[in-house]
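The block underneath contains the structure these notes are about, expressed in structure tokens.
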Amino acid sequence: MSRFAIGEHDFLLDGEPRRVLSGAIHYFRVHPDHWTDRIRKARLMGLNTVETYVPWNLHEVEPGSWTEEGRLDLRRFLEAVAAEGMHAIVRPGPYICAEFDNGGLPAWLFADPEVGVRRGEPRFLAAIESYLARVCAVVAPLQVDAGGPVILMQVENEYGAYGDDTEYIETLTGMFRANGITVPLTTVDQPEPWMLKRGSAPGLHMTASFGSRSDARLDVLREHQPTGPLMSSEYWDGWFDSWGTHHHTTRADEAAADLDVLLGRGASVNLYMFHGGTNFGLTSGANDKGTYLPITTSYDYDAPLDEAGRPTAKYWAFREVLGRYTDLPAEVPDPPAPAPTGEAPLLRAGALLDAARSLPELATVEVPGFAEARHDAAFLLHEKAFAAEAGVLTIGEVRDRVHVVVDGVTVGVLSRELHQRAIAIPAVAASLRLLVENQGRVNYGPRLGEDKGLVGGVRLDGKALTGWTTRAIGEGDLLALAQDAVGAGPALPGLVFARAVFEVEAEAETAADRFLDTAALGKGIAWINGFCLGRYWSRGPQRTLYVPGPVLRPGRNEAVLLELDGAPEAVLRFVAAPDLGPLEF
């Protein structure tokens, strides 16, 4: 058994100075069959620790439920870290940001608008208490003083940028300790004096989040914490992408030079990210600082390991720097091979709106929000049967995107990002249907926890439209709604499912990763063999979806797409390398 502690100047492992050289790998963003590979590559780069967040909203999809299976098996992930001879840092929040849906907080938590958000409100704290008890039941037996890998845990996350409820932070700290956590507890904030002051509490070790100007930022951290080890527990070595922007990168040489400055100060570090991975399913979040920007499916982050786990130029530049401060393993990762290519026709497999009629109905006067209809829905389909003259349809606020369908024909789309609220519609003979898409919940700032839907009601030429039938469509419902393939065509219309069958060489023991080309698709969601790869969108920047090899199987494989806007080509195509879009330096 070992003991990890905070000394006057250093972290101490069994009384001896221990510099933490860590890299972030989010277990929930990586296929579990790839965990060992990614962890080993962290060790081969010169790191001695792996850090991860814990996503509350994935582990507890419904109140009182708990899942630790597949890519949510935190215990298995931490055991894989230990098996590689490395330590671990666990950051369970409860708020994690991470460009993840709702910042990792469950949407059901805020179905009651009176529930507090990141403050000492009793109902919020009661839910957190149950959550942390479950997380700590996994982590406590795996702490370093119990023979496991975990050396640090973090309380909340960049709280100083959000609030100043010190009692809330102290209450969370008490929950960690009451659940058997004995390792040092930390906080993280950007090195701004007001953030550092608001974001911590007595007994917690301050760390900082930044990605450049390390010398000056460590000086600020030291001013606010005169003793103890310096640490950047989020050293931003890249950045995330949002739909409609460029693919963000940082120069490998400049990032490595600044990392050298940080390590030259004797500081510890956690590279955020070492390996970003993928927002599989519909888990990506969004930012809204006046303009709503949903996060892409790829969380490549321009990290030392790319989305498919392949070393980048940054990997080798960082390895060289780390070699000045630690002994490097002689082994290095093998060079990657091009991914298999090929294509197959996409065959139409039914219309979404027709298939959705099989789902349960909710009758309401006003159009309900997601919290009222189904908090975890991917879409809400509102329908009103009536006849009306042509006019202007107006919605209070769109969260986040709505297809307006008149008598079975899509007449337009309204977007939250573009602040659109009104659309001219032709005369309605029989029905008006509104398909509302949740593009990802806000993960940062004051809009955290807000509901989705058509907020403020629906009007036609100023007159309120009431008497609606609503069907909630969850991610899990979508595959079930896709029908058998019925026909081919040169293109795909909007609001349809499509299927394609392709082959993987039967003799392959482990299928190679692939990259699904989305350049000729519109907007939608893709699955392979029932595994949801995530969202795609022609506006970019990303133009491929990552397909983990373990999702594939020898012989026949099936892809299903839900195409929302229409695609110019009805072809499923795999390309040899990822394309995350044009660069921005």
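Residues are referred to by chain and number: the chain letter is A, B, ... according to the order shown in the structure tokens, the number counts from 1 in that chain, and ligands are numbered separately from 1 in the order shown.
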> Neighbours of segment 431-438 of chain A within 8 Å (only C-alpha atoms; same-chain residues fewer than 2 positions away dropped), as a list in words?
Replying inline: Ala377, Ala378, Phe379, Leu380, Leu381, His382, Glu383, Lys384, Ala385, Phe386, Ala387, Arg399, Asp400, Arg401, Val402, His403, Val404, Val405, Val406, Asp407, Gly408, Val428, Ala429, Gly440, Arg441, Lys452, Gly453 and Leu454 of chain A
>> Can you pull out the residues contacting Asp253 of chain A? Cut-off 9 Å, using only C-alpha atoms, and skip same-chain residues under 5 positions away; I want them as a PyMOL selection string.
In response: chain A and resi 258+313-314+317-318
Got time to write the residues from that selection, C-alpha atoms, as a JSON list (two decimals), in the first residue's frame?
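Written file, out06.json:
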```json
[["chain", "number", "residue", "atom", "x", "y", "z"],
["A", 258, "ASP", "CA", 5.21, 26.03, -23.54],
["A", 313, "ALA", "CA", 3.10, 15.34, -34.51],
["A", 314, "LYS", "CA", 2.15, 16.68, -31.09],
["A", 317, "ALA", "CA", 6.98, 16.75, -29.80],
["A", 318, "PHE", "CA", 5.57, 16.24, -26.29]]
```
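Nearest residue to Trp236 of chain A among A:Thr187, A:Leu262, A:Thr283, A:Tyr301 is A:Tyr301, counting only C-alpha atoms.
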>> Could you check the closest approach to Leu230 of chain A for each of A:Asp10, A:Glu372, A:Glu114, A:Asp73 and tell me which residue wins, using only C-alpha atoms?
In response: A:Asp10
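Remark: for Asn48 of chain A, the closest of the candidate residues A:Ser358, A:Ser232, A:Ser268, A:Thr312 is A:Ser268 (distances computed over only C-alpha atoms).
Of the listed residues A:Arg447, A:Arg556, A:Lys523, A:Arg38, the one whose atoms come nearest to Gly276 of chain A is A:Arg38, with distances taken using only C-alpha atoms.
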>> Could you list, as a ChimeraX atom specification, every residue within 8 Å of segment 490-506 of chain A, counting only C-alpha atoms and ignoring same-chain residues fewer than 5 positions away?
In response: /A:343-353,482-485,511,552-570,572
>> I need the residue nearest Gly524 of chain A from this list: A:Ala427, A:Ala267, A:Leu47, A:Leu478. Use only C-alpha atoms for the distance.
In response: A:Leu478
>> Show me, as a PyMOL selection string, the residues that have an atom within 7 Å of His246 of chain A when counting only C-alpha atoms, minus same-chain residues fewer than 5 positions from it.
In response: chain A and resi 541+581-584
Same residues, N, CA and C atoms, saved as a CSV table (one decimal), in the first residue's frame:
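Output saved as out_23.csv:
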```
chain,number,residue,atom,x,y,z
A,541,PRO,N,-17.4,21.6,-39.4
A,541,PRO,CA,-16.2,21.3,-40.2
A,541,PRO,C,-15.9,19.8,-40.5
A,581,GLY,N,-12.0,18.8,-41.4
A,581,GLY,CA,-12.3,20.1,-41.9
A,581,GLY,C,-11.1,21.0,-42.0
A,582,PRO,N,-11.3,22.2,-42.6
A,582,PRO,CA,-10.3,23.2,-42.8
A,582,PRO,C,-9.7,23.7,-41.4
A,583,LEU,N,-8.4,24.0,-41.4
A,583,LEU,CA,-7.7,24.3,-40.2
A,583,LEU,C,-7.8,25.8,-39.8
A,584,GLU,N,-7.7,26.0,-38.6
A,584,GLU,CA,-7.7,27.4,-38.1
A,584,GLU,C,-6.5,27.5,-37.1
```
>> Could you pull out the alpha helix (DSSP H) residues of segment 255-368 of chain A, going by DSSP on the backbone, and write them as a PyMOL selection string?
In response: chain A and resi 255-264+313-322+352-355
> Counting only C-alpha atoms, what is within 10 Å of Val138 of chain A, bar same-chain residues fewer than 4 positions away, as a count of residues only?
Replying inline: 11
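Using only C-alpha atoms, the nearest neighbour of Thr278 of chain A within the list A:Pro92, A:Gly238, A:Pro548, A:Gly7 is A:Pro548.
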